[in-house]
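A.B. asks: Dropping in final-v9.tsv, with TSV, C-alpha atoms.
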```
chain	number	residue	atom	x	y	z
A	1057	MET	CA	101.29	78.40	78.84
A	1058	SER	CA	100.57	81.15	76.29
A	1059	ASN	CA	100.24	78.72	73.36
A	1060	GLU	CA	97.82	76.55	75.32
A	1061	LEU	CA	95.75	79.60	76.22
A	1062	LYS	CA	95.60	80.74	72.60
A	1063	ALA	CA	93.82	77.52	71.70
A	1064	VAL	CA	91.52	77.64	74.71
A	1065	PHE	CA	90.46	81.27	74.24
A	1066	GLU	CA	90.41	81.52	70.44
A	1067	ASP	CA	86.61	81.76	70.36
A	1068	ILE	CA	86.43	84.63	72.88
A	1069	SER	CA	85.98	87.73	70.73
A	1070	CYS	CA	87.02	90.47	73.18
A	1071	LYS	CA	90.46	92.08	73.14
A	1072	LYS	CA	93.29	89.74	74.19
A	1073	LYS	CA	97.05	90.17	74.65
A	1074	PHE	CA	99.34	87.18	75.08
A	1075	ASN	CA	102.67	87.29	76.92
A	1076	GLU	CA	101.92	90.91	77.84
A	1077	PRO	CA	104.41	92.97	79.95
A	1078	MET	CA	102.53	93.83	83.13
A	1079	ARG	CA	104.84	96.74	84.01
A	1080	ASN	CA	102.76	98.72	81.50
A	1081	TYR	CA	99.69	98.26	83.71
A	1082	ALA	CA	101.15	99.03	87.13
A	1083	SER	CA	101.94	102.42	88.65
A	1084	PHE	CA	105.24	100.97	89.95
A	1085	ARG	CA	106.25	100.33	86.31
A	1086	ILE	CA	107.50	96.95	87.51
A	1087	GLY	CA	106.47	93.41	86.64
A	1088	GLY	CA	107.02	90.43	84.35
A	1089	ASN	CA	104.69	89.21	81.64
A	1090	ALA	CA	101.18	87.80	81.96
A	1091	ASP	CA	100.42	84.67	79.93
A	1092	LEU	CA	97.14	86.27	78.84
A	1093	LEU	CA	95.66	89.69	79.53
A	1094	ILE	CA	92.02	89.84	78.46
A	1095	PHE	CA	89.49	92.70	78.37
A	1096	PRO	CA	85.85	91.53	78.67
A	1097	GLU	CA	83.38	94.15	77.47
A	1098	ASP	CA	80.23	92.88	79.18
A	1099	THR	CA	78.94	90.29	81.63
A	1100	ASP	CA	78.58	87.64	78.90
A	1101	ASP	CA	82.28	87.95	78.02
A	1102	LEU	CA	83.24	87.83	81.66
A	1103	ARG	CA	81.01	84.82	82.40
A	1104	ASN	CA	82.53	82.88	79.48
A	1105	ILE	CA	86.06	83.62	80.68
A	1106	LEU	CA	85.23	82.55	84.23
A	1107	TYR	CA	83.62	79.32	82.94
A	1108	ILE	CA	86.72	78.47	80.91
A	1109	CYS	CA	89.13	79.22	83.76
A	1110	ARG	CA	87.07	77.16	86.20
A	1111	ASP	CA	86.62	74.18	83.87
A	1112	LYS	CA	90.25	74.13	82.69
A	1113	LYS	CA	91.61	74.98	86.18
A	1114	ILE	CA	93.44	78.01	84.76
A	1115	PRO	CA	94.78	80.49	87.36
A	1116	LEU	CA	92.94	83.82	87.30
A	1117	PHE	CA	93.79	87.31	88.53
A	1118	ILE	CA	91.56	90.42	88.39
A	1119	LEU	CA	93.48	93.60	87.56
A	1120	GLY	CA	92.34	97.08	88.50
A	1121	PHE	CA	94.44	100.10	87.58
A	1122	GLY	CA	97.52	98.52	89.19
A	1123	THR	CA	98.04	101.41	91.60
A	1124	ASN	CA	98.38	99.39	94.80
A	1125	LEU	CA	100.13	96.43	93.25
A	1126	LEU	CA	103.60	94.90	93.03
A	1127	ILE	CA	103.90	92.32	90.25
A	1128	LYS	CA	106.87	90.00	90.64
A	1129	ASP	CA	109.55	89.76	87.97
A	1130	GLY	CA	108.44	86.29	86.81
A	1131	GLY	CA	105.06	87.66	85.79
A	1132	ILE	CA	101.61	86.13	86.22
A	1133	ARG	CA	100.67	82.66	85.06
A	1134	GLY	CA	97.26	82.00	83.60
A	1135	VAL	CA	94.71	84.71	82.84
A	1136	VAL	CA	94.63	88.34	83.95
A	1137	ILE	CA	91.25	90.04	83.52
A	1138	SER	CA	91.01	93.80	83.12
A	1139	LEU	CA	87.58	95.44	83.40
A	1140	ASN	CA	88.92	98.75	82.11
A	1141	LYS	CA	87.54	98.42	78.58
A	1142	GLY	CA	84.00	97.64	79.72
A	1143	PHE	CA	82.31	98.12	83.08
A	1144	ARG	CA	83.10	101.84	83.10
A	1145	GLU	CA	79.63	103.36	83.17
A	1146	ILE	CA	78.79	105.88	85.90
A	1147	ARG	CA	75.20	107.05	86.25
A	1148	ILE	CA	72.77	108.68	88.64
A	1149	THR	CA	70.31	106.01	89.78
A	1150	ASP	CA	68.50	107.97	92.49
A	1151	ASP	CA	68.49	111.55	93.73
A	1152	GLU	CA	71.54	110.99	95.94
A	1153	MET	CA	72.83	107.66	94.62
A	1154	ILE	CA	75.42	106.94	91.94
A	1155	THR	CA	76.02	103.55	90.33
A	1156	ALA	CA	79.63	103.14	89.18
A	1157	GLY	CA	81.16	100.31	87.16
A	1158	ALA	CA	84.17	98.54	88.66
A	1159	GLY	CA	86.30	99.44	85.63
A	1160	ALA	CA	85.72	103.18	86.03
A	1161	GLY	CA	88.43	105.33	87.51
A	1162	LEU	CA	87.91	106.39	91.11
A	1163	GLN	CA	88.80	109.96	90.11
A	1164	THR	CA	86.20	109.81	87.34
A	1165	LEU	CA	83.64	108.96	90.01
A	1166	VAL	CA	84.90	111.81	92.21
A	1167	SER	CA	84.54	114.25	89.30
A	1168	PHE	CA	81.08	112.91	88.44
A	1169	ALA	CA	79.91	113.47	92.02
A	1170	LEU	CA	81.24	117.03	91.96
A	1171	LYS	CA	79.60	117.77	88.59
A	1172	ASN	CA	76.26	116.60	89.98
A	1173	GLY	CA	76.52	118.54	93.23
A	1174	LEU	CA	76.87	115.44	95.41
A	1175	SER	CA	79.03	115.49	98.52
A	1176	GLY	CA	80.68	112.52	100.25
A	1177	MET	CA	83.38	111.57	97.73
A	1178	GLU	CA	85.76	114.35	98.73
A	1179	PHE	CA	87.94	112.02	100.82
A	1180	ALA	CA	88.82	110.04	97.67
A	1181	VAL	CA	90.16	112.97	95.64
A	1182	GLY	CA	93.64	112.17	94.40
A	1183	ILE	CA	93.47	108.47	95.30
A	1184	PRO	CA	94.47	106.60	92.13
A	1185	GLY	CA	92.94	103.36	90.94
A	1186	SER	CA	89.66	101.90	89.76
A	1187	VAL	CA	86.34	101.79	91.55
A	1188	GLY	CA	86.63	98.01	91.80
A	1189	GLY	CA	90.11	98.17	93.28
A	1190	ALA	CA	89.02	100.84	95.75
A	1191	LEU	CA	86.19	98.58	96.92
A	1192	ILE	CA	88.44	95.53	97.30
A	1193	MET	CA	90.96	97.56	99.33
A	1194	ASN	CA	88.38	99.71	101.11
A	1195	ALA	CA	90.48	102.64	99.94
A	1196	GLY	CA	90.46	105.81	101.97
A	1197	THR	CA	92.23	108.35	104.13
A	1198	ARG	CA	91.69	109.78	107.58
A	1199	ASP	CA	88.82	111.75	106.00
A	1200	GLY	CA	86.82	108.69	104.97
A	1201	GLU	CA	86.75	105.25	103.36
A	1202	MET	CA	84.77	103.48	100.66
A	1203	LYS	CA	82.72	101.66	103.30
A	1204	ASP	CA	81.33	105.02	104.40
A	1205	ILE	CA	79.53	105.62	101.09
A	1206	VAL	CA	78.76	102.16	99.70
A	1207	LYS	CA	75.15	100.97	99.79
A	1208	SER	CA	75.63	97.71	97.88
A	1209	VAL	CA	77.97	95.98	95.45
A	1210	LYS	CA	77.10	93.79	92.48
A	1211	ILE	CA	79.45	90.86	91.91
A	1212	MET	CA	79.76	87.86	89.63
A	1213	THR	CA	80.69	84.61	91.36
A	1214	ASP	CA	83.15	82.17	89.83
A	1215	ASP	CA	80.23	80.11	88.49
A	1216	GLY	CA	78.78	83.10	86.62
A	1217	GLU	CA	76.00	84.04	89.03
A	1218	VAL	CA	75.33	87.75	89.54
A	1219	LYS	CA	74.62	88.78	93.13
A	1220	VAL	CA	74.01	92.05	94.96
A	1221	ILE	CA	75.66	92.29	98.38
A	1222	LYS	CA	74.66	94.87	100.97
A	1223	ARG	CA	77.39	96.91	102.66
A	1224	GLU	CA	76.91	95.25	106.03
A	1225	ASP	CA	77.57	91.84	104.45
A	1226	ILE	CA	80.83	92.79	102.73
A	1227	GLY	CA	83.02	92.70	105.84
A	1228	PHE	CA	84.74	96.03	105.29
A	1229	SER	CA	87.60	96.86	107.65
A	1230	TYR	CA	90.83	98.87	107.46
A	1231	ARG	CA	92.14	98.41	103.89
A	1232	HIS	CA	90.19	95.17	103.60
A	1233	SER	CA	86.97	93.69	102.28
A	1234	ASP	CA	85.60	90.18	102.47
A	1235	PHE	CA	84.05	89.50	99.09
A	1236	GLN	CA	83.36	85.90	98.14
A	1237	SER	CA	86.51	84.09	97.00
A	1238	GLY	CA	86.79	83.95	93.21
A	1239	SER	CA	84.13	86.60	92.65
A	1240	VAL	CA	84.50	89.68	90.45
A	1241	VAL	CA	83.18	93.10	91.45
A	1242	LEU	CA	80.98	94.49	88.66
A	1243	GLU	CA	79.59	97.76	90.05
A	1244	ALA	CA	78.65	99.57	93.23
A	1245	ASP	CA	75.86	101.84	94.44
A	1246	VAL	CA	77.19	104.73	96.52
A	1247	ILE	CA	74.99	106.96	98.65
A	1248	LEU	CA	76.02	110.61	98.81
A	1249	ARG	CA	74.21	113.79	99.82
A	1250	ARG	CA	73.27	117.03	98.13
A	1251	GLY	CA	75.84	119.76	98.57
A	1252	ASN	CA	77.08	123.05	97.19
A	1253	SER	CA	79.39	122.39	94.23
A	1254	ARG	CA	81.56	125.37	95.10
A	1255	ASP	CA	82.09	124.09	98.66
A	1256	ILE	CA	82.74	120.53	97.43
A	1257	LYS	CA	85.32	121.77	94.93
A	1258	LYS	CA	87.01	123.95	97.55
A	1259	LYS	CA	87.39	121.00	99.91
A	1260	MET	CA	88.73	118.80	97.11
A	1261	LYS	CA	91.32	121.41	96.12
A	1262	SER	CA	92.46	121.66	99.72
A	1263	LEU	CA	92.78	117.88	100.10
A	1264	ILE	CA	94.65	117.39	96.82
A	1265	ALA	CA	97.04	120.22	97.64
A	1266	ASP	CA	97.77	118.54	100.96
A	1267	ARG	CA	98.44	115.19	99.23
A	1268	LYS	CA	100.75	116.80	96.67
A	1269	SER	CA	102.73	118.52	99.43
A	1270	LYS	CA	103.29	115.28	101.37
A	1271	GLN	CA	103.41	112.42	98.87
A	1272	PRO	CA	105.65	111.69	95.83
A	1273	LEU	CA	102.70	111.59	93.44
A	1274	SER	CA	104.80	112.21	90.34
A	1275	SER	CA	107.09	109.23	91.01
A	1276	TYR	CA	106.61	105.57	90.13
A	1277	SER	CA	105.17	103.98	93.25
A	1278	ALA	CA	102.25	101.90	94.51
A	1279	GLY	CA	101.13	104.32	97.21
A	1280	SER	CA	101.41	103.39	100.87
A	1281	VAL	CA	103.42	100.19	101.19
A	1282	PHE	CA	102.41	99.36	104.77
A	1283	LYS	CA	99.21	99.62	106.79
A	1284	ASN	CA	99.29	102.06	109.66
A	1285	PRO	CA	99.58	100.25	113.01
A	1286	SER	CA	96.95	101.02	115.61
A	1287	ASN	CA	97.37	104.59	116.92
A	1288	ASP	CA	100.50	105.24	114.87
A	1289	PHE	CA	101.74	105.84	111.33
A	1290	ALA	CA	103.93	103.49	109.33
A	1291	GLY	CA	105.80	106.41	107.78
A	1292	ARG	CA	106.75	107.79	111.20
A	1293	LEU	CA	108.05	104.40	112.31
A	1294	ILE	CA	110.09	103.92	109.13
A	1295	GLU	CA	111.62	107.37	109.45
A	1296	SER	CA	112.34	106.77	113.16
A	1297	ALA	CA	114.21	103.62	112.15
A	1298	GLY	CA	116.53	105.77	110.03
A	1299	LEU	CA	115.36	104.45	106.67
A	1300	LYS	CA	114.46	107.66	104.82
A	1301	GLY	CA	116.23	107.48	101.46
A	1302	PHE	CA	117.44	103.90	102.03
A	1303	SER	CA	117.62	102.00	98.75
A	1304	VAL	CA	118.07	98.61	97.18
A	1305	GLY	CA	118.98	98.94	93.53
A	1306	ASP	CA	116.63	101.49	92.03
A	1307	ALA	CA	113.99	101.00	94.74
A	1308	VAL	CA	114.18	103.68	97.43
A	1309	VAL	CA	112.28	104.70	100.55
A	1310	SER	CA	110.86	108.07	99.57
A	1311	GLU	CA	112.43	111.15	101.14
A	1312	MET	CA	109.06	112.88	100.86
A	1313	HIS	CA	106.91	110.19	102.52
A	1314	THR	CA	108.66	107.20	104.06
A	1315	ASN	CA	105.69	104.87	103.65
A	1316	PHE	CA	106.21	105.11	99.89
A	1317	ILE	CA	108.79	103.07	98.01
A	1318	VAL	CA	109.71	104.73	94.74
A	1319	ASN	CA	111.03	103.18	91.54
A	1320	ARG	CA	113.75	105.54	90.32
A	1321	GLY	CA	113.49	104.02	86.86
A	1322	ASN	CA	114.98	100.55	86.71
A	1323	ALA	CA	113.90	98.88	89.94
A	1324	THR	CA	112.91	95.23	89.83
A	1325	ALA	CA	110.26	93.60	91.96
A	1326	GLY	CA	113.13	91.77	93.62
A	1327	ASP	CA	114.61	95.12	94.67
A	1328	VAL	CA	111.29	96.24	96.15
A	1329	LEU	CA	110.70	92.95	97.96
A	1330	LYS	CA	114.17	93.02	99.48
A	1331	LEU	CA	113.66	96.63	100.59
A	1332	ILE	CA	110.28	95.75	102.13
A	1333	GLU	CA	111.91	92.99	104.19
A	1334	ILE	CA	114.71	95.30	105.33
A	1335	VAL	CA	112.18	97.94	106.41
A	1336	LYS	CA	110.09	95.40	108.32
A	1337	GLU	CA	113.13	93.89	110.03
A	1338	ARG	CA	114.66	97.28	110.96
A	1339	VAL	CA	111.40	98.69	112.33
A	1340	PHE	CA	110.77	95.57	114.39
A	1341	THR	CA	114.34	95.44	115.71
A	1342	LYS	CA	114.49	99.13	116.64
A	1343	ILE	CA	110.90	99.83	117.65
A	1344	GLY	CA	109.31	96.43	118.28
A	1345	ILE	CA	106.39	96.87	115.89
A	1346	SER	CA	105.62	94.47	113.02
A	1347	LEU	CA	104.56	96.24	109.84
A	1348	GLU	CA	102.04	94.61	107.53
A	1349	GLU	CA	101.98	95.25	103.79
A	1350	GLU	CA	99.11	97.28	102.36
A	1351	ILE	CA	100.15	96.76	98.76
A	1352	LYS	CA	99.10	93.53	97.03
A	1353	ILE	CA	101.99	91.35	95.84
A	1354	VAL	CA	101.28	88.89	93.02
A	1355	GLY	CA	103.08	86.76	90.45
A	1356	GLU	CA	106.13	84.53	90.37
A	1357	GLU	CA	109.75	85.20	91.28
```
I'd like the structure from this file rewritten - as C-alpha cells, please.

C.D. replies:
Amino acid sequence: MSNELKAVFEDISCKKKFNEPMRNYASFRIGGNADLLIFPEDTDDLRNILYICRDKKIPLFILGFGTNLLIKDGGIRGVVISLNKGFREIRITDDEMITAGAGAGLQTLVSFALKNGLSGMEFAVGIPGSVGGALIMNAGTRDGEMKDIVKSVKIMTDDGEVKVIKREDIGFSYRHSDFQSGSVVLEADVILRRGNSRDIKKKMKSLIADRKSKQPLSSYSAGSVFKNPSNDFAGRLIESAGLKGFSVGDAVVSEMHTNFIVNRGNATAGDVLKLIEIVKERVFTKIGISLEEEIKIVGEE
C-alpha cells in the first residue's frame, strides 16, 4: 500500500515516513512497519489528512507516545498520525486552568503545573505518554485520574469539524473514555488549584520514588498489561497463579511487578500475545477471575 499512499499524499507538505518501523515509536520496542507515518503540524494539515483517509477509505490510526501499546509484528496498514511534532503547546489560560495540546508529553504538563505553582497533577508524575493518550485511556493511579482534572476537551471529528466536549459528556470510566468514533483529540483544559510549589514537589518526589521501587521503569514494557479487577489487583492475581518470571521467548512477566510484561530485548508481538493468553488462562483456571487487557493492541499478525 505504501506506493499507493505516496501518490495520494504527495501534496501534503508535513513530515511523512513510508514503511516506517513502528518499534521505534513504542515503549515495548516491538512492532512491524506502518505503511505511512505522518506528522501534521496544525489543524489544517490534520483536516486534510482526515479528508483524504475518509474519501479514499484508507485505514487510520492515531499514535500517542506508544507507551500503552502493543503493535503486532505485521505492522499497521494505512495511515498512522502522530501529533508529536505539532499540537504540543501548553499554556495558562486562566488563573487555575492549563490548556495542553494532545501531542505534549504528560510529564511536560506535570512539570509545567509544578513550575506555575498549580496542584492537582501530582498523581500523574512518572506516568509516561502524551496528553492525548492519557485522555483516551483516562490514565491514572489510586491517587487520581485524568477525569478528575479535565474541564473540557477539544476534538476534530472525522469530517474535519472542531468541537469542544465537556467532561461530563466524555464518558470517562476506569481506563476508558467515550470520545466520538473517528475523532482526534486536539487539546484539553485542565482545572487545578493554587498550591505551594515546595509541597507539590515533595509529593511528586515521594510518588515517583514509590513507582521506581515497585515498577520496572527502566525496562522495555507498555506499563500495566491488565486492568485491575474490582476490589483486587491484577498483579496479585498473576503472582498468585505462579507466573512471576514466566516467559515466552524474550517476553517475560516482570519479577518486580507481575502486571508488567517486559521485553528482554528481542521479544516479538507474537511472544507477548502468547504470554498474555497464558496469563489469562492460568489466572482464570486457578482463581476464577477473567483478566481484561489495559494495553491497546493494534496491527496485523

A.B. asks: In terms of the shortest atom-to-atom distance over all atoms listed in the file, which of A:Val1136, A:Ile1205, A:Ala1278, A:Ile1068 is closest to Phe1179 (chain A)?

C.D. replies: A:Ile1205

A.B. asks: With distances taken over only C-alpha atoms, which of A:Glu1224, A:Glu1066, A:Glu1178, A:Glu1145 is nearest to Ser1253 (chain A)?

C.D. replies: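 Comparing A:Glu1224, A:Glu1066, A:Glu1178, A:Glu1145 against Ser1253 (chain A), the winner is A:Glu1178.
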
A.B. asks: For Phe1340 (chain A), which residue among A:Ile1226, A:Val1354, A:Leu1293, A:Cys1070 is the nearest when counting all atoms listed in the file?

C.D. replies: A:Leu1293

A.B. asks: Determine, counting all atoms listed in the file, which protein, DNA and RNA residues have an atom within 8 Å of an atom of Val1304 (chain A); residues of the same chain fewer than 5 positions away are not included. Present the result as a list of chain:residue names.

C.D. replies: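 The filter keeps A:Asp1327, A:Val1328, A:Lys1330, A:Leu1331.
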
A.B. asks: Mind pulling up the distance from CA of Lys1073 (chain A) to CA of Glu1097 (chain A)?

C.D. replies: 14.5 Å

A.B. asks: Restrict the calculation to only C-alpha atoms, then for each residue of region 1063-1106 of chain A with any atom at most 12 Å from an atom of region 1213-1218 of chain A give the closest atom pair and their distance in Å to one decimal, rows by chain and rising residue number, as a tab-separated table.

C.D. replies:
```
residue	atom	partner	partner_atom	distance
A:Thr1099	CA	A:Gly1216	CA	8.8
A:Asp1100	CA	A:Gly1216	CA	9.0
A:Asp1101	CA	A:Gly1216	CA	10.5
A:Leu1102	CA	A:Gly1216	CA	8.2
A:Arg1103	CA	A:Gly1216	CA	5.1
A:Asn1104	CA	A:Gly1216	CA	8.1
A:Ile1105	CA	A:Gly1216	CA	9.4
A:Leu1106	CA	A:Asp1214	CA	6.0
```

A.B. asks: Taking a cut-off of 10 Å and counting all atoms listed in the file, can you build a table that, for each residue of region 1073-1189 of chain A near region 1312-1319 of chain A, reports the nearest atom pair and how far apart they are in Å (one decimal), sorted by chain then residue number, as CSV?

C.D. replies:
```
residue,atom,partner,partner_atom,distance
A:Ser1083,CA,A:Asn1319,CA,9.6
A:Phe1084,CA,A:Asn1319,CA,6.4
A:Arg1085,CA,A:Asn1319,CA,7.6
A:Ile1086,CA,A:Asn1319,CA,8.2
```

A.B. asks: From the options A:Asp1098, A:Glu1152, A:Asp1266, A:Glu1337, which residue's atoms come nearest to Ala1297 (chain A), counting all atoms listed in the file?

C.D. replies: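 Under the stated criterion, the closest residue is A:Glu1337.
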
A.B. asks: Kindly give the distance, in Å, that separates CA of Ala1323 (chain A) and CA of Ile1343 (chain A), rounded to a single decimal.

C.D. replies: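 CA of Ala1323 (chain A) sits 27.9 Å away from CA of Ile1343 (chain A).
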
A.B. asks: Excluding Arg1338 (chain A) and residues on its chain fewer than 6 positions from it, collect all residues at most 12 Å away from it, counting only C-alpha atoms, and give them as a PyMOL selection string.

C.D. replies: chain A and resi 1293-1299+1302+1331-1332+1344-1347

A.B. asks: Name the residues, using the chain letters and numbers of the file, that sit within 12 Å of (104.0, 85.3, 92.6) when counting all atoms listed in the file, and give them as a PDB file with C-alpha atoms, in the coordinates of the input.

C.D. replies:
```pdb
ATOM      1  CA  GLY A1087     106.470  93.410  86.640  1.00  0.00           C
ATOM      2  CA  GLY A1088     107.020  90.430  84.350  1.00  0.00           C
ATOM      3  CA  ASN A1089     104.690  89.210  81.640  1.00  0.00           C
ATOM      4  CA  ALA A1090     101.180  87.800  81.960  1.00  0.00           C
ATOM      5  CA  PRO A1115      94.780  80.490  87.360  1.00  0.00           C
ATOM      6  CA  PHE A1117      93.790  87.310  88.530  1.00  0.00           C
ATOM      7  CA  LEU A1125     100.130  96.430  93.250  1.00  0.00           C
ATOM      8  CA  LEU A1126     103.600  94.900  93.030  1.00  0.00           C
ATOM      9  CA  ILE A1127     103.900  92.320  90.250  1.00  0.00           C
ATOM     10  CA  LYS A1128     106.870  90.000  90.640  1.00  0.00           C
ATOM     11  CA  ASP A1129     109.550  89.760  87.970  1.00  0.00           C
ATOM     12  CA  GLY A1130     108.440  86.290  86.810  1.00  0.00           C
ATOM     13  CA  GLY A1131     105.060  87.660  85.790  1.00  0.00           C
ATOM     14  CA  ILE A1132     101.610  86.130  86.220  1.00  0.00           C
ATOM     15  CA  ARG A1133     100.670  82.660  85.060  1.00  0.00           C
ATOM     16  CA  GLY A1134      97.260  82.000  83.600  1.00  0.00           C
ATOM     17  CA  ALA A1325     110.260  93.600  91.960  1.00  0.00           C
ATOM     18  CA  GLY A1326     113.130  91.770  93.620  1.00  0.00           C
ATOM     19  CA  LEU A1329     110.700  92.950  97.960  1.00  0.00           C
ATOM     20  CA  LYS A1352      99.100  93.530  97.030  1.00  0.00           C
ATOM     21  CA  ILE A1353     101.990  91.350  95.840  1.00  0.00           C
ATOM     22  CA  VAL A1354     101.280  88.890  93.020  1.00  0.00           C
ATOM     23  CA  GLY A1355     103.080  86.760  90.450  1.00  0.00           C
ATOM     24  CA  GLU A1356     106.130  84.530  90.370  1.00  0.00           C
ATOM     25  CA  GLU A1357     109.750  85.200  91.280  1.00  0.00           C
TER      26      GLU A1357
END
```

A.B. asks: Can you tell me how far CA of Ala1156 (chain A) sits from CA of Val1135 (chain A), in Å to one decimal?

C.D. replies: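 Atom-to-atom, CA of Ala1156 (chain A) and CA of Val1135 (chain A) are spaced 24.6 Å apart.
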
A.B. asks: Smallest atom-to-atom distance to Ile1351 (chain A): which of A:Lys1283, A:Arg1250, A:Arg1144, A:Lys1222, using all atoms listed in the file?

C.D. replies: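 So, comparing all the options, the nearest one is A:Lys1283.
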
A.B. asks: Between A:Lys1270, A:Arg1292, A:Lys1072, A:Lys1257, which has the minimum distance to Phe1095 (chain A) (counting only C-alpha atoms)?

C.D. replies: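 Between A:Lys1270, A:Arg1292, A:Lys1072, A:Lys1257, the residue approaching Phe1095 (chain A) most closely is A:Lys1072.
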